[in-house]
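This is run_36.csv (CSV, C-alpha atoms).
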```
chain,number,residue,atom,x,y,z
A,20,MET,CA,0.0,0.0,0.0
A,21,ASP,CA,1.4,3.4,-0.9
A,22,LEU,CA,0.4,5.1,2.4
A,23,GLU,CA,2.8,7.3,4.3
A,24,ASP,CA,3.8,5.8,7.7
A,25,SER,CA,1.7,8.4,9.4
A,26,PHE,CA,-1.5,6.8,7.9
A,27,SER,CA,-0.7,3.1,8.4
A,28,LEU,CA,-2.6,1.4,11.2
A,29,PRO,CA,-0.4,0.6,14.2
A,30,ASP,CA,-0.1,-3.1,15.1
A,31,GLU,CA,-1.4,-2.4,18.7
A,32,LEU,CA,-4.5,-0.7,17.4
A,33,TRP,CA,-5.1,-3.5,14.8
A,34,LYS,CA,-4.9,-6.1,17.6
A,35,ARG,CA,-7.8,-4.3,19.3
A,36,ILE,CA,-9.9,-3.9,16.2
A,37,GLU,CA,-9.5,-7.3,14.5
A,38,PRO,CA,-11.5,-9.3,17.1
A,39,LEU,CA,-14.4,-6.9,16.7
A,40,LEU,CA,-14.8,-7.4,13.0
A,41,PRO,CA,-17.5,-9.8,11.7
A,42,LYS,CA,-16.2,-12.9,10.0
A,43,ASP,CA,-16.2,-12.8,6.2
A,44,LYS,CA,-18.9,-14.9,4.6
A,45,PRO,CA,-17.7,-17.8,2.4
A,46,GLN,CA,-17.9,-17.3,-1.3
A,47,PRO,CA,-18.7,-20.7,-2.7
A,48,GLN,CA,-19.1,-19.4,-6.2
A,49,GLY,CA,-15.7,-17.8,-6.2
A,50,GLY,CA,-15.4,-14.3,-7.5
A,51,ARG,CA,-13.0,-11.5,-6.7
A,52,PRO,CA,-11.4,-11.9,-3.2
A,53,ARG,CA,-12.5,-9.3,-0.6
A,54,MET,CA,-10.2,-6.4,0.3
A,55,VAL,CA,-8.0,-7.4,3.2
A,56,ALA,CA,-9.7,-6.1,6.4
A,57,ARG,CA,-6.7,-4.3,7.7
A,58,ARG,CA,-6.2,-2.5,4.5
A,59,ALA,CA,-9.9,-1.5,4.5
A,60,MET,CA,-9.7,-0.2,8.0
A,61,THR,CA,-6.5,1.7,7.2
A,62,ALA,CA,-8.4,3.4,4.3
A,63,ILE,CA,-11.3,4.3,6.6
A,64,PHE,CA,-8.9,5.8,9.1
A,65,TYR,CA,-7.3,7.7,6.2
A,66,ILE,CA,-10.7,9.2,5.4
A,67,LEU,CA,-11.3,10.1,9.0
A,68,ARG,CA,-7.9,11.7,9.5
A,69,THR,CA,-7.7,13.6,6.3
A,70,GLY,CA,-11.4,14.6,6.0
A,71,CYS,CA,-11.3,13.8,2.3
A,72,GLN,CA,-14.5,12.7,0.5
A,73,TRP,CA,-15.1,9.0,-0.1
A,74,LYS,CA,-14.8,9.5,-3.9
A,75,ALA,CA,-11.5,11.4,-3.4
A,76,LEU,CA,-9.8,8.5,-1.7
A,77,PRO,CA,-6.6,7.7,-3.6
A,78,ARG,CA,-6.7,4.4,-5.5
A,79,SER,CA,-3.4,3.5,-3.9
A,80,VAL,CA,-5.3,3.4,-0.6
A,81,GLY,CA,-8.3,1.4,-1.9
A,82,ALA,CA,-11.3,1.6,-4.2
A,83,PRO,CA,-13.7,4.2,-2.7
A,84,SER,CA,-16.8,2.1,-3.2
A,85,THR,CA,-15.2,-1.0,-1.7
A,86,VAL,CA,-13.9,1.0,1.3
A,87,TYR,CA,-17.3,2.7,1.8
A,88,ASP,CA,-19.1,-0.6,1.6
A,89,ARG,CA,-16.9,-2.1,4.2
A,90,PHE,CA,-17.3,1.0,6.4
A,91,ARG,CA,-21.2,0.6,6.2
A,92,GLU,CA,-20.9,-3.1,7.0
A,93,TRP,CA,-18.8,-2.5,10.0
A,94,GLN,CA,-20.9,0.4,11.1
A,95,GLN,CA,-24.0,-1.7,11.0
A,96,ALA,CA,-22.2,-4.4,13.0
A,97,GLY,CA,-21.4,-1.9,15.7
A,98,VAL,CA,-17.7,-2.2,15.3
A,99,PHE,CA,-17.0,1.6,15.6
A,100,GLU,CA,-19.3,2.1,18.6
A,101,THR,CA,-17.7,-0.9,20.4
A,102,LEU,CA,-14.2,0.4,19.6
A,103,TRP,CA,-15.2,3.9,21.0
A,104,GLN,CA,-16.6,2.3,24.2
A,105,GLN,CA,-13.4,0.3,24.7
A,106,GLY,CA,-11.3,3.4,24.1
A,107,LEU,CA,-13.4,5.2,26.8
A,108,CYS,CA,-12.9,2.4,29.2
A,109,GLN,CA,-9.2,2.4,28.6
A,110,TYR,CA,-9.1,6.2,29.0
A,111,ASP,CA,-11.1,5.9,32.3
A,112,ARG,CA,-8.7,3.4,33.7
A,113,LYS,CA,-5.6,5.4,32.7
A,114,ARG,CA,-6.6,9.0,33.3
A,115,GLY,CA,-10.2,8.9,34.6
A,116,ILE,CA,-13.3,10.4,33.1
A,117,GLU,CA,-14.4,13.5,34.9
A,118,TRP,CA,-17.9,12.5,35.9
A,119,LYS,CA,-18.5,15.5,38.2
A,120,TRP,CA,-19.0,17.9,35.3
A,121,GLN,CA,-20.3,17.3,31.8
A,122,SER,CA,-21.2,19.5,28.9
A,123,VAL,CA,-23.6,19.1,26.0
A,124,ASP,CA,-23.6,21.1,22.9
A,125,GLY,CA,-25.2,20.8,19.5
A,126,CYS,CA,-24.9,22.1,16.0
A,127,MET,CA,-26.7,22.0,12.7
A,128,THR,CA,-24.8,21.2,9.5
A,129,LYS,CA,-25.7,20.7,5.9
A,130,ALA,CA,-26.4,17.2,4.6
A,131,PRO,CA,-26.9,17.6,0.9
A,132,LEU,CA,-26.6,13.9,0.2
A,133,GLY,CA,-29.4,13.0,2.6
A,134,GLY,CA,-29.5,9.8,4.6
A,135,GLN,CA,-31.7,8.7,7.5
A,136,ALA,CA,-30.8,11.4,10.0
A,137,VAL,CA,-31.7,14.5,7.9
A,138,GLY,CA,-34.5,17.0,8.0
A,139,PRO,CA,-35.3,20.5,6.8
A,140,ASN,CA,-33.0,22.9,8.4
A,141,PRO,CA,-35.1,25.7,10.0
A,142,THR,CA,-32.2,28.2,9.8
A,143,ASP,CA,-31.1,27.4,6.2
A,144,ARG,CA,-34.2,27.8,4.0
A,145,ALA,CA,-35.3,24.2,4.8
A,146,LYS,CA,-32.3,22.7,3.1
A,147,SER,CA,-31.5,19.1,4.0
A,148,GLY,CA,-29.5,19.1,7.2
A,149,THR,CA,-28.5,17.3,10.4
A,150,LYS,CA,-28.3,18.2,14.0
A,151,ARG,CA,-25.6,16.7,16.2
A,152,SER,CA,-25.6,16.7,20.0
A,153,LEU,CA,-22.4,15.8,21.8
A,154,LEU,CA,-21.8,15.0,25.5
A,155,THR,CA,-18.3,15.5,26.9
A,156,ASP,CA,-16.8,15.1,30.3
A,157,GLY,CA,-15.0,17.9,32.2
A,158,ALA,CA,-11.8,17.5,30.1
A,159,GLY,CA,-13.7,17.6,26.8
A,160,ILE,CA,-13.5,13.8,26.1
A,161,PRO,CA,-16.5,12.8,24.0
A,162,LEU,CA,-18.8,10.5,25.9
A,163,ALA,CA,-21.9,10.3,23.7
A,164,VAL,CA,-23.2,11.6,20.4
A,165,THR,CA,-26.5,11.6,18.7
A,166,VAL,CA,-27.4,12.7,15.2
A,167,ASP,CA,-30.9,13.5,13.8
A,168,GLY,CA,-32.6,15.7,11.4
A,169,ALA,CA,-32.0,19.4,11.6
A,170,ASN,CA,-35.6,20.0,12.4
A,171,ARG,CA,-35.5,17.8,15.6
A,172,HIS,CA,-36.2,19.9,18.7
A,173,ASP,CA,-33.2,20.4,21.0
A,174,LYS,CA,-35.1,19.1,24.0
A,175,LYS,CA,-35.6,15.7,22.4
A,176,LEU,CA,-32.1,15.5,21.1
A,177,LEU,CA,-30.7,16.3,24.5
A,178,GLU,CA,-32.8,13.6,26.0
A,179,ASP,CA,-31.5,11.1,23.5
A,180,THR,CA,-27.9,12.2,24.1
A,181,LEU,CA,-28.2,11.8,27.8
A,182,ASN,CA,-29.7,8.4,27.4
A,183,ALA,CA,-27.1,7.2,24.8
A,184,PRO,CA,-25.0,4.3,26.0
A,185,ILE,CA,-21.7,5.7,27.2
A,186,LEU,CA,-19.8,2.8,28.7
A,187,THR,CA,-20.5,-0.9,28.8
A,188,ILE,CA,-18.4,-2.1,31.7
```

Can the structure in the file be given as structure tokens, please?
Amino acid sequence: MDLEDSFSLPDELWKRIEPLLPKDKPQPQGGRPRMVARRAMTAIFYILRTGCQWKALPRSVGAPSTVYDRFREWQQAGVFETLWQQGLCQYDRKRGIEWKWQSVDGCMTKAPLGGQAVGPNPTDRAKSGTKRSLLTDGAGIPLAVTVDGANRHDKKLLEDTLNAPILTI
């Protein structure tokens, strides 16, 4: 893979991620072999770190549609949520989450491509948008996040954010 060292997935992180991934389904009729899971995850982290669009993913990293399909598969399987929760647990053991003080904030953003969590933005001429609500601890560590349509009332989104599963210990 033609990635710079700064974008390659460290072995220690991969050892945490690999057991969370669903097993590949057998392909009795053959076909093209699936992209190696570590390479797909490296490409996903590349997208997250650089902020580039899926279609702008360099071919040397992976085919954008293949990487996006794997991202959706793993998202639906709960891989990223579990990884986040494990990271929070590790952070809590090493540094400690500041439970005495939390902060919640929200923002509305454009969502021109739509999706499930979109709605007419009341502050942007009813264009398609999302509203995000984030709960952090006293040090700014993200504990929970919820996303819904931009037209969702703050009160209901706050309730969902506070009820979101934070840690599964």

Quick one: of A:Gly148, A:Pro83, A:Gly168, A:Gly97, who's nearest to Met54 of chain A, counting all atoms listed in the file?
A:Pro83

Identify, on the basis of all atoms listed in the file, every residue whose closest approach to Pro184 of chain A does not exceed 9 Å; exclude the query and any residue fewer than 6 positions from it along the same chain; express the result as a list in words.
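Within the cut-off, the hits are Gln104, Leu162 and Ala163 of chain A.
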
Resulting file, chosen residues, C-alpha atoms, as an mmCIF file, in the coordinates of the input:
```cif
data_model
loop_
_atom_site.group_PDB
_atom_site.id
_atom_site.type_symbol
_atom_site.label_atom_id
_atom_site.label_comp_id
_atom_site.auth_asym_id
_atom_site.auth_seq_id
_atom_site.Cartn_x
_atom_site.Cartn_y
_atom_site.Cartn_z
ATOM 1 C CA GLN A 104 -16.600 2.300 24.200
ATOM 2 C CA LEU A 162 -18.800 10.500 25.900
ATOM 3 C CA ALA A 163 -21.900 10.300 23.700
#
```

In Å, rounded to a single decimal, give me how far atom CA of Gln105 of chain A is from atom CA of Ile160 of chain A.
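Separation between atom CA of Ile160 of chain A and atom CA of Gln105 of chain A: 13.6 Å.
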
Expressed in Å to a single decimal, how great is the separation between atom CA of Arg68 of chain A and atom CA of Leu28 of chain A?
11.7 Å

Between atom CA of Gly81 of chain A and atom CA of Asp30 of chain A, what is the distance in Å, rounded to a tenth?
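Computing it gives 19.4 Å between the two atoms.
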
Would you pick out the contacts of segment 69-76 of chain A at 12 Å or less, using only C-alpha atoms, so that residues sharing its chain but fewer than 4 positions from it are not included, and give the list as a ChimeraX atom specification?
/A:22,25-26,59,61-65,80-88,90

Which one of A:Leu181, A:Ile116, A:Leu32, A:Cys126 sits closest to Gly157 of chain A if you count all atoms listed in the file?
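Closest to Gly157 of chain A of all the choices is A:Ile116.
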
Nearest to Pro38 of chain A among A:Glu92, A:Ile66, A:Leu102, A:Arg53, with distances taken over only C-alpha atoms: which residue is it?
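Counting only C-alpha atoms, the residue closest to Pro38 of chain A is A:Leu102.
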
Which polymer residues, whether protein, DNA or RNA, lie within 12 Å of the coordinate (-18.0, -11.2, 9.1) when you count all atoms listed in the file? List them as an mmCIF file with C-alpha atoms, in the coordinates of the input, using the chain letters and numbers from the file.
```cif
data_model
loop_
_atom_site.group_PDB
_atom_site.id
_atom_site.type_symbol
_atom_site.label_atom_id
_atom_site.label_comp_id
_atom_site.auth_asym_id
_atom_site.auth_seq_id
_atom_site.Cartn_x
_atom_site.Cartn_y
_atom_site.Cartn_z
ATOM 1 C CA GLU A 37 -9.500 -7.300 14.500
ATOM 2 C CA PRO A 38 -11.500 -9.300 17.100
ATOM 3 C CA LEU A 39 -14.400 -6.900 16.700
ATOM 4 C CA LEU A 40 -14.800 -7.400 13.000
ATOM 5 C CA PRO A 41 -17.500 -9.800 11.700
ATOM 6 C CA LYS A 42 -16.200 -12.900 10.000
ATOM 7 C CA ASP A 43 -16.200 -12.800 6.200
ATOM 8 C CA LYS A 44 -18.900 -14.900 4.600
ATOM 9 C CA PRO A 45 -17.700 -17.800 2.400
ATOM 10 C CA ARG A 53 -12.500 -9.300 -0.600
ATOM 11 C CA ALA A 56 -9.700 -6.100 6.400
ATOM 12 C CA ARG A 89 -16.900 -2.100 4.200
ATOM 13 C CA GLU A 92 -20.900 -3.100 7.000
ATOM 14 C CA TRP A 93 -18.800 -2.500 10.000
ATOM 15 C CA GLN A 95 -24.000 -1.700 11.000
ATOM 16 C CA ALA A 96 -22.200 -4.400 13.000
ATOM 17 C CA GLY A 97 -21.400 -1.900 15.700
ATOM 18 C CA VAL A 98 -17.700 -2.200 15.300
#
```

Fewer than 6 positions away in the same chain doesn't count, so skip those; otherwise give me all residues within 10 Å of Val137 of chain A, counting only C-alpha atoms, as a list in words.
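Result of the neighbour search: Thr128, Lys129, Ala130, Pro131, Lys146, Ser147, Gly148, Thr149, Lys150, Val166, Asp167, Gly168, Ala169, Asn170 and Arg171 of chain A.
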
Just checking: using all atoms listed in the file, which residue out of A:Pro52, A:Gly106, A:Gly115, A:Gly125 ends up closest to Ile36 of chain A?
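Smallest separation from Ile36 of chain A among the options: A:Gly106.
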
Pick out the closest residue to Ala183 of chain A from this set: A:Met60, A:Leu153, A:Leu107, A:Ala158. Count all atoms listed in the file.
A:Leu153

Proximity to Cys108 of chain A - best of A:Ile185, A:Asp156, A:Pro77, A:Glu178, only C-alpha atoms:
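For Cys108 of chain A, the nearest of the candidates is A:Ile185.
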
Could you give me, as a list of chain:residue names, the residues within 7 Å of Leu154 of chain A, counting all atoms listed in the file and dropping anything in the same chain fewer than 6 positions from it?
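Here the qualifying residues turn out to be A:Gln121, A:Ser122, A:Val123, A:Asp124, A:Pro161, A:Leu162, A:Ala163, A:Val164, A:Thr180.
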
Output segment 91-102 of chain A with all heavy atoms present, as a PDB file, keeping the file's coordinate frame.
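Listing of selection_16.pdb after writing:
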```
ATOM      1  N   ARG A  91     -19.729   0.789   5.912  1.00  0.00           N
ATOM      2  CA  ARG A  91     -21.200   0.600   6.200  1.00  0.00           C
ATOM      3  C   ARG A  91     -21.417  -0.732   6.893  1.00  0.00           C
ATOM      4  O   ARG A  91     -22.183  -0.826   7.847  1.00  0.00           O
ATOM      5  CB  ARG A  91     -22.003   0.768   4.968  1.00  0.00           C
ATOM      6  CG  ARG A  91     -21.973   2.152   4.364  1.00  0.00           C
ATOM      7  CD  ARG A  91     -22.686   3.172   5.195  1.00  0.00           C
ATOM      8  NE  ARG A  91     -24.084   2.795   5.243  1.00  0.00           N
ATOM      9  CZ  ARG A  91     -24.952   3.270   6.109  1.00  0.00           C
ATOM     10  NH1 ARG A  91     -24.585   4.157   6.982  1.00  0.00           N
ATOM     11  NH2 ARG A  91     -26.200   2.885   6.104  1.00  0.00           N
ATOM     12  N   GLU A  92     -20.769  -1.776   6.389  1.00  0.00           N
ATOM     13  CA  GLU A  92     -20.900  -3.100   7.000  1.00  0.00           C
ATOM     14  C   GLU A  92     -20.492  -3.131   8.418  1.00  0.00           C
ATOM     15  O   GLU A  92     -21.194  -3.644   9.294  1.00  0.00           O
ATOM     16  CB  GLU A  92     -20.094  -4.096   6.127  1.00  0.00           C
ATOM     17  CG  GLU A  92     -20.094  -5.512   6.619  1.00  0.00           C
ATOM     18  CD  GLU A  92     -19.115  -6.382   5.843  1.00  0.00           C
ATOM     19  OE1 GLU A  92     -18.955  -6.177   4.622  1.00  0.00           O
ATOM     20  OE2 GLU A  92     -18.499  -7.266   6.477  1.00  0.00           O
ATOM     21  N   TRP A  93     -19.328  -2.547   8.673  1.00  0.00           N
ATOM     22  CA  TRP A  93     -18.800  -2.500  10.000  1.00  0.00           C
ATOM     23  C   TRP A  93     -19.580  -1.574  10.927  1.00  0.00           C
ATOM     24  O   TRP A  93     -19.733  -1.822  12.119  1.00  0.00           O
ATOM     25  CB  TRP A  93     -17.321  -2.201  10.014  1.00  0.00           C
ATOM     26  CG  TRP A  93     -16.484  -3.294   9.412  1.00  0.00           C
ATOM     27  CD1 TRP A  93     -16.824  -4.612   9.261  1.00  0.00           C
ATOM     28  CD2 TRP A  93     -15.175  -3.171   8.881  1.00  0.00           C
ATOM     29  NE1 TRP A  93     -15.805  -5.304   8.670  1.00  0.00           N
ATOM     30  CE2 TRP A  93     -14.770  -4.445   8.422  1.00  0.00           C
ATOM     31  CE3 TRP A  93     -14.298  -2.117   8.737  1.00  0.00           C
ATOM     32  CZ2 TRP A  93     -13.530  -4.682   7.851  1.00  0.00           C
ATOM     33  CZ3 TRP A  93     -13.058  -2.358   8.172  1.00  0.00           C
ATOM     34  CH2 TRP A  93     -12.684  -3.633   7.739  1.00  0.00           C
ATOM     35  N   GLN A  94     -20.069  -0.501  10.371  1.00  0.00           N
ATOM     36  CA  GLN A  94     -20.900   0.400  11.100  1.00  0.00           C
ATOM     37  C   GLN A  94     -22.160  -0.268  11.599  1.00  0.00           C
ATOM     38  O   GLN A  94     -22.548  -0.170  12.764  1.00  0.00           O
ATOM     39  CB  GLN A  94     -21.211   1.655  10.295  1.00  0.00           C
ATOM     40  CG  GLN A  94     -22.046   2.694  11.025  1.00  0.00           C
ATOM     41  CD  GLN A  94     -22.483   3.814  10.097  1.00  0.00           C
ATOM     42  OE1 GLN A  94     -22.743   3.593   8.918  1.00  0.00           O
ATOM     43  NE2 GLN A  94     -22.565   5.006  10.634  1.00  0.00           N
ATOM     44  N   GLN A  95     -22.815  -0.969  10.700  1.00  0.00           N
ATOM     45  CA  GLN A  95     -24.000  -1.700  11.000  1.00  0.00           C
ATOM     46  C   GLN A  95     -23.796  -2.804  12.036  1.00  0.00           C
ATOM     47  O   GLN A  95     -24.673  -3.142  12.829  1.00  0.00           O
ATOM     48  CB  GLN A  95     -24.721  -2.202   9.776  1.00  0.00           C
ATOM     49  CG  GLN A  95     -25.296  -1.094   8.925  1.00  0.00           C
ATOM     50  CD  GLN A  95     -25.732  -1.561   7.547  1.00  0.00           C
ATOM     51  OE1 GLN A  95     -25.589  -2.728   7.194  1.00  0.00           O
ATOM     52  NE2 GLN A  95     -26.246  -0.636   6.762  1.00  0.00           N
ATOM     53  N   ALA A  96     -22.605  -3.368  12.016  1.00  0.00           N
ATOM     54  CA  ALA A  96     -22.200  -4.400  13.000  1.00  0.00           C
ATOM     55  C   ALA A  96     -21.849  -3.872  14.330  1.00  0.00           C
ATOM     56  O   ALA A  96     -21.602  -4.640  15.254  1.00  0.00           O
ATOM     57  CB  ALA A  96     -21.116  -5.272  12.391  1.00  0.00           C
ATOM     58  N   GLY A  97     -21.757  -2.542  14.465  1.00  0.00           N
ATOM     59  CA  GLY A  97     -21.400  -1.900  15.700  1.00  0.00           C
ATOM     60  C   GLY A  97     -19.952  -1.887  16.071  1.00  0.00           C
ATOM     61  O   GLY A  97     -19.578  -1.625  17.215  1.00  0.00           O
ATOM     62  N   VAL A  98     -19.109  -2.116  15.076  1.00  0.00           N
ATOM     63  CA  VAL A  98     -17.700  -2.200  15.300  1.00  0.00           C
ATOM     64  C   VAL A  98     -17.132  -0.848  15.857  1.00  0.00           C
ATOM     65  O   VAL A  98     -16.394  -0.818  16.854  1.00  0.00           O
ATOM     66  CB  VAL A  98     -16.906  -2.550  14.010  1.00  0.00           C
ATOM     67  CG1 VAL A  98     -15.402  -2.387  14.183  1.00  0.00           C
ATOM     68  CG2 VAL A  98     -17.257  -3.963  13.590  1.00  0.00           C
ATOM     69  N   PHE A  99     -17.523   0.265  15.255  1.00  0.00           N
ATOM     70  CA  PHE A  99     -17.000   1.600  15.600  1.00  0.00           C
ATOM     71  C   PHE A  99     -17.474   2.003  17.013  1.00  0.00           C
ATOM     72  O   PHE A  99     -16.727   2.569  17.809  1.00  0.00           O
ATOM     73  CB  PHE A  99     -17.237   2.604  14.568  1.00  0.00           C
ATOM     74  CG  PHE A  99     -16.632   2.230  13.247  1.00  0.00           C
ATOM     75  CD1 PHE A  99     -17.427   1.801  12.194  1.00  0.00           C
ATOM     76  CD2 PHE A  99     -15.260   2.256  13.059  1.00  0.00           C
ATOM     77  CE1 PHE A  99     -16.872   1.427  10.983  1.00  0.00           C
ATOM     78  CE2 PHE A  99     -14.690   1.877  11.861  1.00  0.00           C
ATOM     79  CZ  PHE A  99     -15.495   1.456  10.815  1.00  0.00           C
ATOM     80  N   GLU A 100     -18.726   1.714  17.296  1.00  0.00           N
ATOM     81  CA  GLU A 100     -19.300   2.100  18.600  1.00  0.00           C
ATOM     82  C   GLU A 100     -18.572   1.252  19.704  1.00  0.00           C
ATOM     83  O   GLU A 100     -18.205   1.793  20.748  1.00  0.00           O
ATOM     84  CB  GLU A 100     -20.779   1.796  18.645  1.00  0.00           C
ATOM     85  CG  GLU A 100     -21.426   2.274  19.930  1.00  0.00           C
ATOM     86  CD  GLU A 100     -22.936   2.134  19.894  1.00  0.00           C
ATOM     87  OE1 GLU A 100     -23.536   2.182  18.814  1.00  0.00           O
ATOM     88  OE2 GLU A 100     -23.523   1.988  20.986  1.00  0.00           O
ATOM     89  N   THR A 101     -18.364  -0.032  19.462  1.00  0.00           N
ATOM     90  CA  THR A 101     -17.700  -0.900  20.400  1.00  0.00           C
ATOM     91  C   THR A 101     -16.227  -0.405  20.625  1.00  0.00           C
ATOM     92  O   THR A 101     -15.735  -0.340  21.755  1.00  0.00           O
ATOM     93  CB  THR A 101     -17.684  -2.352  19.982  1.00  0.00           C
ATOM     94  OG1 THR A 101     -19.044  -2.757  19.813  1.00  0.00           O
ATOM     95  CG2 THR A 101     -17.008  -3.254  20.991  1.00  0.00           C
ATOM     96  N   LEU A 102     -15.569  -0.057  19.522  1.00  0.00           N
ATOM     97  CA  LEU A 102     -14.200   0.400  19.600  1.00  0.00           C
ATOM     98  C   LEU A 102     -14.132   1.725  20.421  1.00  0.00           C
ATOM     99  O   LEU A 102     -13.237   1.906  21.258  1.00  0.00           O
ATOM    100  CB  LEU A 102     -13.645   0.665  18.193  1.00  0.00           C
ATOM    101  CG  LEU A 102     -12.179   1.059  18.073  1.00  0.00           C
ATOM    102  CD1 LEU A 102     -11.280  -0.022  18.652  1.00  0.00           C
ATOM    103  CD2 LEU A 102     -11.823   1.325  16.619  1.00  0.00           C
TER     104      LEU A 102
END
```
